[in-house]
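Participant: Dumping the structure here so I can ask a few things about it.
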Amino acid sequence: MTTDKKPSETSTFTVDNVEFTVSDKHQTAGAILALAGLDLAMYELAKLHGDGTPYRGDQQVIVHEGDAFVTVRTSAPVA
């Protein structure tokens with residue numbers, strides 16, 4: 001009986017030119033924003049070389065090695 005497990009595959013990507021690595025390529029946009037330290041209520045996530053449509057916070061994003069994402073500020077506090 002073999003108990004060899006397939007090594008976990010990681011994916012490295014960037015958010016606003018900051019590199020991150022995840023072990024599960026299935027993420028939500030909200031999880032990626034949280035990983036980048038950003039508030040989902042104030043930012044959206046878009047793929048840099050995609051069609052420019054931002055992902056909703058609960059929308060699943062399949063992260064591939066080398067993907068580049070940018071954030072779009074959607075809200076700002078008013079004094």
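Going through the structure tokens in order, the chains are called A, B, and so on, while each chain numbers its residues from 1 and the ligands are numbered from 1 in the order shown.
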Can you list, as a list in words, every protein, DNA or RNA residue that comes within 6 Å of Ser11 in chain A when you count only C-alpha atoms, leaving out same-chain residues fewer than 6 positions away?

Facilitator: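 The contact residues come out as Thr21, Val22, His64 and Glu65 of chain A.
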
Participant: Going by DSSP on the backbone, which bits of chain A are strand (DSSP E or B)? Write them as a PDB file with all heavy atoms, in the first residue's frame, please.

Facilitator:
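Wrote states.pdb, looks like this:
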ATOM      1  N   SER A  11       0.870  28.422  -6.166  1.00  0.00           N
ATOM      2  CA  SER A  11       0.807  29.390  -7.258  1.00  0.00           C
ATOM      3  C   SER A  11       1.264  30.727  -6.712  1.00  0.00           C
ATOM      4  O   SER A  11       0.799  31.175  -5.668  1.00  0.00           O
ATOM      5  CB  SER A  11      -0.619  29.524  -7.790  1.00  0.00           C
ATOM      6  OG  SER A  11      -1.043  28.312  -8.370  1.00  0.00           O
ATOM      7  N   THR A  12       2.186  31.341  -7.427  1.00  0.00           N
ATOM      8  CA  THR A  12       2.674  32.659  -7.051  1.00  0.00           C
ATOM      9  C   THR A  12       2.098  33.672  -8.022  1.00  0.00           C
ATOM     10  O   THR A  12       2.106  33.459  -9.238  1.00  0.00           O
ATOM     11  CB  THR A  12       4.212  32.696  -7.070  1.00  0.00           C
ATOM     12  OG1 THR A  12       4.697  31.707  -6.159  1.00  0.00           O
ATOM     13  CG2 THR A  12       4.742  34.053  -6.670  1.00  0.00           C
ATOM     14  N   PHE A  13       1.575  34.768  -7.498  1.00  0.00           N
ATOM     15  CA  PHE A  13       0.934  35.804  -8.298  1.00  0.00           C
ATOM     16  C   PHE A  13       1.200  37.150  -7.647  1.00  0.00           C
ATOM     17  O   PHE A  13       1.754  37.211  -6.541  1.00  0.00           O
ATOM     18  CB  PHE A  13      -0.577  35.536  -8.417  1.00  0.00           C
ATOM     19  CG  PHE A  13      -1.282  35.527  -7.099  1.00  0.00           C
ATOM     20  CD1 PHE A  13      -1.915  36.670  -6.622  1.00  0.00           C
ATOM     21  CD2 PHE A  13      -1.310  34.386  -6.317  1.00  0.00           C
ATOM     22  CE1 PHE A  13      -2.560  36.665  -5.399  1.00  0.00           C
ATOM     23  CE2 PHE A  13      -1.958  34.373  -5.089  1.00  0.00           C
ATOM     24  CZ  PHE A  13      -2.585  35.520  -4.636  1.00  0.00           C
ATOM     25  N   THR A  14       0.826  38.218  -8.309  1.00  0.00           N
ATOM     26  CA  THR A  14       1.004  39.544  -7.721  1.00  0.00           C
ATOM     27  C   THR A  14      -0.327  40.271  -7.614  1.00  0.00           C
ATOM     28  O   THR A  14      -1.244  40.064  -8.415  1.00  0.00           O
ATOM     29  CB  THR A  14       1.973  40.419  -8.545  1.00  0.00           C
ATOM     30  OG1 THR A  14       1.447  40.598  -9.855  1.00  0.00           O
ATOM     31  CG2 THR A  14       3.365  39.807  -8.613  1.00  0.00           C
ATOM     32  N   VAL A  15      -0.408  41.119  -6.598  1.00  0.00           N
ATOM     33  CA  VAL A  15      -1.511  42.057  -6.433  1.00  0.00           C
ATOM     34  C   VAL A  15      -0.850  43.423  -6.287  1.00  0.00           C
ATOM     35  O   VAL A  15      -0.072  43.634  -5.345  1.00  0.00           O
ATOM     36  CB  VAL A  15      -2.371  41.738  -5.188  1.00  0.00           C
ATOM     37  CG1 VAL A  15      -3.459  42.791  -5.008  1.00  0.00           C
ATOM     38  CG2 VAL A  15      -2.979  40.350  -5.282  1.00  0.00           C
ATOM     39  N   VAL A  18       2.873  43.303  -5.720  1.00  0.00           N
ATOM     40  CA  VAL A  18       3.366  42.637  -4.513  1.00  0.00           C
ATOM     41  C   VAL A  18       3.107  41.148  -4.690  1.00  0.00           C
ATOM     42  O   VAL A  18       1.991  40.736  -5.012  1.00  0.00           O
ATOM     43  CB  VAL A  18       2.665  43.166  -3.238  1.00  0.00           C
ATOM     44  CG1 VAL A  18       3.155  42.426  -2.010  1.00  0.00           C
ATOM     45  CG2 VAL A  18       2.897  44.670  -3.098  1.00  0.00           C
ATOM     46  N   GLU A  19       4.141  40.332  -4.471  1.00  0.00           N
ATOM     47  CA  GLU A  19       4.055  38.898  -4.734  1.00  0.00           C
ATOM     48  C   GLU A  19       3.440  38.141  -3.556  1.00  0.00           C
ATOM     49  O   GLU A  19       3.777  38.394  -2.397  1.00  0.00           O
ATOM     50  CB  GLU A  19       5.457  38.367  -5.009  1.00  0.00           C
ATOM     51  CG  GLU A  19       5.484  36.997  -5.623  1.00  0.00           C
ATOM     52  CD  GLU A  19       6.873  36.623  -6.088  1.00  0.00           C
ATOM     53  OE1 GLU A  19       7.226  36.972  -7.225  1.00  0.00           O
ATOM     54  OE2 GLU A  19       7.595  35.982  -5.290  1.00  0.00           O
ATOM     55  N   PHE A  20       2.556  37.201  -3.881  1.00  0.00           N
ATOM     56  CA  PHE A  20       1.913  36.326  -2.902  1.00  0.00           C
ATOM     57  C   PHE A  20       1.954  34.896  -3.427  1.00  0.00           C
ATOM     58  O   PHE A  20       1.963  34.683  -4.638  1.00  0.00           O
ATOM     59  CB  PHE A  20       0.454  36.732  -2.662  1.00  0.00           C
ATOM     60  CG  PHE A  20       0.298  38.110  -2.091  1.00  0.00           C
ATOM     61  CD1 PHE A  20       0.109  39.192  -2.925  1.00  0.00           C
ATOM     62  CD2 PHE A  20       0.383  38.320  -0.727  1.00  0.00           C
ATOM     63  CE1 PHE A  20      -0.014  40.472  -2.411  1.00  0.00           C
ATOM     64  CE2 PHE A  20       0.258  39.593  -0.199  1.00  0.00           C
ATOM     65  CZ  PHE A  20       0.063  40.675  -1.044  1.00  0.00           C
ATOM     66  N   THR A  21       1.940  33.932  -2.507  1.00  0.00           N
ATOM     67  CA  THR A  21       1.912  32.526  -2.880  1.00  0.00           C
ATOM     68  C   THR A  21       0.785  31.847  -2.103  1.00  0.00           C
ATOM     69  O   THR A  21       0.644  32.062  -0.896  1.00  0.00           O
ATOM     70  CB  THR A  21       3.250  31.842  -2.545  1.00  0.00           C
ATOM     71  OG1 THR A  21       4.285  32.522  -3.269  1.00  0.00           O
ATOM     72  CG2 THR A  21       3.246  30.380  -2.963  1.00  0.00           C
ATOM     73  N   VAL A  22      -0.016  31.053  -2.802  1.00  0.00           N
ATOM     74  CA  VAL A  22      -1.097  30.295  -2.174  1.00  0.00           C
ATOM     75  C   VAL A  22      -0.931  28.825  -2.531  1.00  0.00           C
ATOM     76  O   VAL A  22      -0.377  28.484  -3.567  1.00  0.00           O
ATOM     77  CB  VAL A  22      -2.490  30.793  -2.616  1.00  0.00           C
ATOM     78  CG1 VAL A  22      -2.765  32.189  -2.079  1.00  0.00           C
ATOM     79  CG2 VAL A  22      -2.656  30.776  -4.119  1.00  0.00           C
ATOM     80  N   HIS A  26      -7.766  27.780  -6.038  1.00  0.00           N
ATOM     81  CA  HIS A  26      -9.153  28.236  -6.006  1.00  0.00           C
ATOM     82  C   HIS A  26      -9.321  29.198  -4.831  1.00  0.00           C
ATOM     83  O   HIS A  26      -9.298  28.789  -3.672  1.00  0.00           O
ATOM     84  CB  HIS A  26     -10.117  27.057  -5.864  1.00  0.00           C
ATOM     85  CG  HIS A  26     -10.057  26.118  -7.025  1.00  0.00           C
ATOM     86  ND1 HIS A  26     -10.794  26.311  -8.165  1.00  0.00           N
ATOM     87  CD2 HIS A  26      -9.328  24.995  -7.241  1.00  0.00           C
ATOM     88  CE1 HIS A  26     -10.534  25.350  -9.026  1.00  0.00           C
ATOM     89  NE2 HIS A  26      -9.636  24.537  -8.487  1.00  0.00           N
ATOM     90  N   GLN A  27      -9.477  30.467  -5.136  1.00  0.00           N
ATOM     91  CA  GLN A  27      -9.606  31.523  -4.138  1.00  0.00           C
ATOM     92  C   GLN A  27     -10.834  32.355  -4.468  1.00  0.00           C
ATOM     93  O   GLN A  27     -11.343  32.307  -5.579  1.00  0.00           O
ATOM     94  CB  GLN A  27      -8.371  32.436  -4.157  1.00  0.00           C
ATOM     95  CG  GLN A  27      -7.062  31.752  -3.879  1.00  0.00           C
ATOM     96  CD  GLN A  27      -6.909  31.408  -2.423  1.00  0.00           C
ATOM     97  OE1 GLN A  27      -7.322  32.151  -1.528  1.00  0.00           O
ATOM     98  NE2 GLN A  27      -6.324  30.248  -2.140  1.00  0.00           N
ATOM     99  N   THR A  28     -11.278  33.155  -3.505  1.00  0.00           N
ATOM    100  CA  THR A  28     -12.287  34.154  -3.820  1.00  0.00           C
ATOM    101  C   THR A  28     -11.570  35.491  -3.947  1.00  0.00           C
ATOM    102  O   THR A  28     -10.465  35.670  -3.421  1.00  0.00           O
ATOM    103  CB  THR A  28     -13.367  34.264  -2.722  1.00  0.00           C
ATOM    104  OG1 THR A  28     -12.747  34.701  -1.512  1.00  0.00           O
ATOM    105  CG2 THR A  28     -14.105  32.945  -2.523  1.00  0.00           C
ATOM    106  N   TYR A  43     -12.359  48.025  -1.900  1.00  0.00           N
ATOM    107  CA  TYR A  43     -11.588  47.668  -3.087  1.00  0.00           C
ATOM    108  C   TYR A  43     -12.242  46.535  -3.870  1.00  0.00           C
ATOM    109  O   TYR A  43     -12.948  45.706  -3.302  1.00  0.00           O
ATOM    110  CB  TYR A  43     -10.175  47.206  -2.704  1.00  0.00           C
ATOM    111  CG  TYR A  43      -9.303  48.310  -2.173  1.00  0.00           C
ATOM    112  CD1 TYR A  43      -9.286  48.611  -0.824  1.00  0.00           C
ATOM    113  CD2 TYR A  43      -8.495  49.050  -3.035  1.00  0.00           C
ATOM    114  CE1 TYR A  43      -8.490  49.629  -0.329  1.00  0.00           C
ATOM    115  CE2 TYR A  43      -7.688  50.067  -2.552  1.00  0.00           C
ATOM    116  CZ  TYR A  43      -7.691  50.348  -1.200  1.00  0.00           C
ATOM    117  OH  TYR A  43      -6.900  51.361  -0.720  1.00  0.00           O
ATOM    118  N   GLU A  44     -11.966  46.514  -5.161  1.00  0.00           N
ATOM    119  CA  GLU A  44     -12.322  45.389  -6.015  1.00  0.00           C
ATOM    120  C   GLU A  44     -11.028  44.868  -6.629  1.00  0.00           C
ATOM    121  O   GLU A  44     -10.014  45.565  -6.658  1.00  0.00           O
ATOM    122  CB  GLU A  44     -13.285  45.830  -7.117  1.00  0.00           C
ATOM    123  CG  GLU A  44     -14.662  46.166  -6.601  1.00  0.00           C
ATOM    124  CD  GLU A  44     -15.622  46.574  -7.697  1.00  0.00           C
ATOM    125  OE1 GLU A  44     -15.179  47.034  -8.781  1.00  0.00           O
ATOM    126  OE2 GLU A  44     -16.827  46.429  -7.467  1.00  0.00           O
ATOM    127  N   LEU A  45     -11.087  43.656  -7.133  1.00  0.00           N
ATOM    128  CA  LEU A  45      -9.929  42.999  -7.717  1.00  0.00           C
ATOM    129  C   LEU A  45     -10.165  42.780  -9.202  1.00  0.00           C
ATOM    130  O   LEU A  45     -11.254  42.364  -9.598  1.00  0.00           O
ATOM    131  CB  LEU A  45      -9.717  41.640  -7.028  1.00  0.00           C
ATOM    132  CG  LEU A  45      -8.490  40.841  -7.421  1.00  0.00           C
ATOM    133  CD1 LEU A  45      -7.229  41.494  -6.839  1.00  0.00           C
ATOM    134  CD2 LEU A  45      -8.613  39.412  -6.924  1.00  0.00           C
ATOM    135  N   ALA A  46      -9.163  43.063 -10.018  1.00  0.00           N
ATOM    136  CA  ALA A  46      -9.272  42.815 -11.457  1.00  0.00           C
ATOM    137  C   ALA A  46      -7.978  42.180 -11.945  1.00  0.00           C
ATOM    138  O   ALA A  46      -6.901  42.460 -11.409  1.00  0.00           O
ATOM    139  CB  ALA A  46      -9.536  44.113 -12.215  1.00  0.00           C
ATOM    140  N   LYS A  47      -8.090  41.325 -12.935  1.00  0.00           N
ATOM    141  CA  LYS A  47      -6.908  40.689 -13.521  1.00  0.00           C
ATOM    142  C   LYS A  47      -6.258  41.683 -14.475  1.00  0.00           C
ATOM    143  O   LYS A  47      -6.929  42.297 -15.304  1.00  0.00           O
ATOM    144  CB  LYS A  47      -7.325  39.415 -14.259  1.00  0.00           C
ATOM    145  CG  LYS A  47      -6.187  38.480 -14.510  1.00  0.00           C
ATOM    146  CD  LYS A  47      -6.730  37.136 -14.953  1.00  0.00           C
ATOM    147  CE  LYS A  47      -5.630  36.114 -14.937  1.00  0.00           C
ATOM    148  NZ  LYS A  47      -6.120  34.795 -15.254  1.00  0.00           N
ATOM    149  N   TYR A  55     -13.751  41.426 -10.138  1.00  0.00           N
ATOM    150  CA  TYR A  55     -14.380  40.273  -9.492  1.00  0.00           C
ATOM    151  C   TYR A  55     -15.150  40.737  -8.265  1.00  0.00           C
ATOM    152  O   TYR A  55     -14.672  41.578  -7.506  1.00  0.00           O
ATOM    153  CB  TYR A  55     -13.318  39.264  -9.033  1.00  0.00           C
ATOM    154  CG  TYR A  55     -12.544  38.612 -10.145  1.00  0.00           C
ATOM    155  CD1 TYR A  55     -11.268  39.034 -10.483  1.00  0.00           C
ATOM    156  CD2 TYR A  55     -13.085  37.539 -10.854  1.00  0.00           C
ATOM    157  CE1 TYR A  55     -10.547  38.415 -11.487  1.00  0.00           C
ATOM    158  CE2 TYR A  55     -12.367  36.918 -11.863  1.00  0.00           C
ATOM    159  CZ  TYR A  55     -11.103  37.363 -12.177  1.00  0.00           C
ATOM    160  OH  TYR A  55     -10.389  36.748 -13.166  1.00  0.00           O
ATOM    161  N   GLN A  60     -15.384  33.298  -7.287  1.00  0.00           N
ATOM    162  CA  GLN A  60     -14.212  32.430  -7.314  1.00  0.00           C
ATOM    163  C   GLN A  60     -13.250  32.859  -8.402  1.00  0.00           C
ATOM    164  O   GLN A  60     -13.637  33.185  -9.517  1.00  0.00           O
ATOM    165  CB  GLN A  60     -14.603  30.972  -7.526  1.00  0.00           C
ATOM    166  CG  GLN A  60     -13.395  30.060  -7.445  1.00  0.00           C
ATOM    167  CD  GLN A  60     -13.765  28.618  -7.250  1.00  0.00           C
ATOM    168  OE1 GLN A  60     -14.881  28.291  -6.904  1.00  0.00           O
ATOM    169  NE2 GLN A  60     -12.828  27.747  -7.471  1.00  0.00           N
ATOM    170  N   VAL A  61     -11.968  32.864  -8.031  1.00  0.00           N
ATOM    171  CA  VAL A  61     -10.889  33.200  -8.950  1.00  0.00           C
ATOM    172  C   VAL A  61      -9.940  32.010  -8.963  1.00  0.00           C
ATOM    173  O   VAL A  61      -9.521  31.539  -7.906  1.00  0.00           O
ATOM    174  CB  VAL A  61     -10.126  34.452  -8.466  1.00  0.00           C
ATOM    175  CG1 VAL A  61      -8.982  34.779  -9.406  1.00  0.00           C
ATOM    176  CG2 VAL A  61     -11.070  35.634  -8.308  1.00  0.00           C
ATOM    177  N   ILE A  62      -9.618  31.501 -10.126  1.00  0.00           N
ATOM    178  CA  ILE A  62      -8.634  30.434 -10.229  1.00  0.00           C
ATOM    179  C   ILE A  62      -7.295  31.092 -10.521  1.00  0.00           C
ATOM    180  O   ILE A  62      -7.111  31.710 -11.566  1.00  0.00           O
ATOM    181  CB  ILE A  62      -9.001  29.403 -11.305  1.00  0.00           C
ATOM    182  CG1 ILE A  62     -10.342  28.755 -10.957  1.00  0.00           C
ATOM    183  CG2 ILE A  62      -7.903  28.351 -11.440  1.00  0.00           C
ATOM    184  CD1 ILE A  62     -10.869  27.796 -12.000  1.00  0.00           C
ATOM    185  N   ALA A  68      -1.250  38.340 -12.613  1.00  0.00           N
ATOM    186  CA  ALA A  68      -1.077  39.680 -12.051  1.00  0.00           C
ATOM    187  C   ALA A  68      -2.459  40.308 -11.885  1.00  0.00           C
ATOM    188  O   ALA A  68      -3.255  40.336 -12.828  1.00  0.00           O
ATOM    189  CB  ALA A  68      -0.206  40.532 -12.957  1.00  0.00           C
ATOM    190  N   PHE A  69      -2.718  40.785 -10.683  1.00  0.00           N
ATOM    191  CA  PHE A  69      -3.994  41.431 -10.374  1.00  0.00           C
ATOM    192  C   PHE A  69      -3.730  42.868  -9.943  1.00  0.00           C
ATOM    193  O   PHE A  69      -2.659  43.198  -9.436  1.00  0.00           O
ATOM    194  CB  PHE A  69      -4.717  40.697  -9.233  1.00  0.00           C
ATOM    195  CG  PHE A  69      -5.101  39.292  -9.572  1.00  0.00           C
ATOM    196  CD1 PHE A  69      -4.263  38.234  -9.259  1.00  0.00           C
ATOM    197  CD2 PHE A  69      -6.296  39.015 -10.213  1.00  0.00           C
ATOM    198  CE1 PHE A  69      -4.608  36.925  -9.566  1.00  0.00           C
ATOM    199  CE2 PHE A  69      -6.652  37.715 -10.534  1.00  0.00           C
ATOM    200  CZ  PHE A  69      -5.804  36.669 -10.203  1.00  0.00           C
ATOM    201  N   VAL A  70      -4.718  43.711 -10.152  1.00  0.00           N
ATOM    202  CA  VAL A  70      -4.668  45.081  -9.666  1.00  0.00           C
ATOM    203  C   VAL A  70      -5.909  45.324  -8.821  1.00  0.00           C
ATOM    204  O   VAL A  70      -6.921  44.630  -8.971  1.00  0.00           O
ATOM    205  CB  VAL A  70      -4.600  46.116 -10.815  1.00  0.00           C
ATOM    206  CG1 VAL A  70      -3.283  46.011 -11.558  1.00  0.00           C
ATOM    207  CG2 VAL A  70      -5.765  45.972 -11.771  1.00  0.00           C
ATOM    208  N   THR A  71      -5.806  46.290  -7.936  1.00  0.00           N
ATOM    209  CA  THR A  71      -6.960  46.645  -7.126  1.00  0.00           C
ATOM    210  C   THR A  71      -7.515  47.973  -7.610  1.00  0.00           C
ATOM    211  O   THR A  71      -6.788  48.829  -8.120  1.00  0.00           O
ATOM    212  CB  THR A  71      -6.587  46.750  -5.635  1.00  0.00           C
ATOM    213  OG1 THR A  71      -5.532  47.689  -5.468  1.00  0.00           O
ATOM    214  CG2 THR A  71      -6.158  45.395  -5.098  1.00  0.00           C
ATOM    215  N   VAL A  72      -8.823  48.113  -7.444  1.00  0.00           N
ATOM    216  CA  VAL A  72      -9.520  49.328  -7.828  1.00  0.00           C
ATOM    217  C   VAL A  72     -10.252  49.823  -6.593  1.00  0.00           C
ATOM    218  O   VAL A  72     -11.073  49.096  -6.019  1.00  0.00           O
ATOM    219  CB  VAL A  72     -10.535  49.046  -8.966  1.00  0.00           C
ATOM    220  CG1 VAL A  72     -11.273  50.308  -9.356  1.00  0.00           C
ATOM    221  CG2 VAL A  72      -9.848  48.403 -10.157  1.00  0.00           C
ATOM    222  N   ARG A  73      -9.934  51.019  -6.187  1.00  0.00           N
ATOM    223  CA  ARG A  73     -10.607  51.583  -5.012  1.00  0.00           C
ATOM    224  C   ARG A  73     -12.009  51.987  -5.408  1.00  0.00           C
ATOM    225  O   ARG A  73     -12.224  52.707  -6.380  1.00  0.00           O
ATOM    226  CB  ARG A  73      -9.826  52.774  -4.480  1.00  0.00           C
ATOM    227  CG  ARG A  73     -10.362  53.216  -3.147  1.00  0.00           C
ATOM    228  CD  ARG A  73      -9.403  54.154  -2.479  1.00  0.00           C
ATOM    229  NE  ARG A  73      -9.923  54.419  -1.145  1.00  0.00           N
ATOM    230  CZ  ARG A  73      -9.180  54.629  -0.108  1.00  0.00           C
ATOM    231  NH1 ARG A  73      -7.882  54.620  -0.233  1.00  0.00           N
ATOM    232  NH2 ARG A  73      -9.724  54.858   1.057  1.00  0.00           N
TER     233      ARG A  73
END

Participant: Please return as a ChimeraX atom specification: the residues of chain A that backbone DSSP assigns to helix (DSSP H, G or I).

Facilitator: /A:29-35

Participant: Residues as selected, N, CA and C atoms, written as an mmCIF file, in the first residue's frame, can you do that?

Facilitator:
data_model
loop_
_atom_site.group_PDB
_atom_site.id
_atom_site.type_symbol
_atom_site.label_atom_id
_atom_site.label_comp_id
_atom_site.auth_asym_id
_atom_site.auth_seq_id
_atom_site.Cartn_x
_atom_site.Cartn_y
_atom_site.Cartn_z
ATOM 1 N N ALA A 29 -12.202 36.409 -4.637
ATOM 2 C CA ALA A 29 -11.613 37.744 -4.767
ATOM 3 C C ALA A 29 -11.426 38.358 -3.388
ATOM 4 N N GLY A 30 -12.381 38.135 -2.493
ATOM 5 C CA GLY A 30 -12.272 38.663 -1.130
ATOM 6 C C GLY A 30 -11.088 38.086 -0.377
ATOM 7 N N ALA A 31 -10.815 36.796 -0.575
ATOM 8 C CA ALA A 31 -9.675 36.165 0.094
ATOM 9 C C ALA A 31 -8.358 36.732 -0.434
ATOM 10 N N ILE A 32 -8.298 37.002 -1.728
ATOM 11 C CA ILE A 32 -7.083 37.586 -2.301
ATOM 12 C C ILE A 32 -6.883 39.005 -1.786
ATOM 13 N N LEU A 33 -7.970 39.781 -1.714
ATOM 14 C CA LEU A 33 -7.860 41.139 -1.173
ATOM 15 C C LEU A 33 -7.429 41.102 0.291
ATOM 16 N N ALA A 34 -7.976 40.172 1.072
ATOM 17 C CA ALA A 34 -7.591 40.048 2.479
ATOM 18 C C ALA A 34 -6.122 39.664 2.599
ATOM 19 N N LEU A 35 -5.664 38.770 1.742
ATOM 20 C CA LEU A 35 -4.260 38.374 1.732
ATOM 21 C C LEU A 35 -3.367 39.592 1.474
#

Participant: Any idea what's packed within 8 Å of Met42 in chain A, counting only C-alpha atoms, ignoring anything in its chain fewer than 6 positions away? Could you give it as a PyMOL selection string?

Facilitator: chain A and resi 73-76
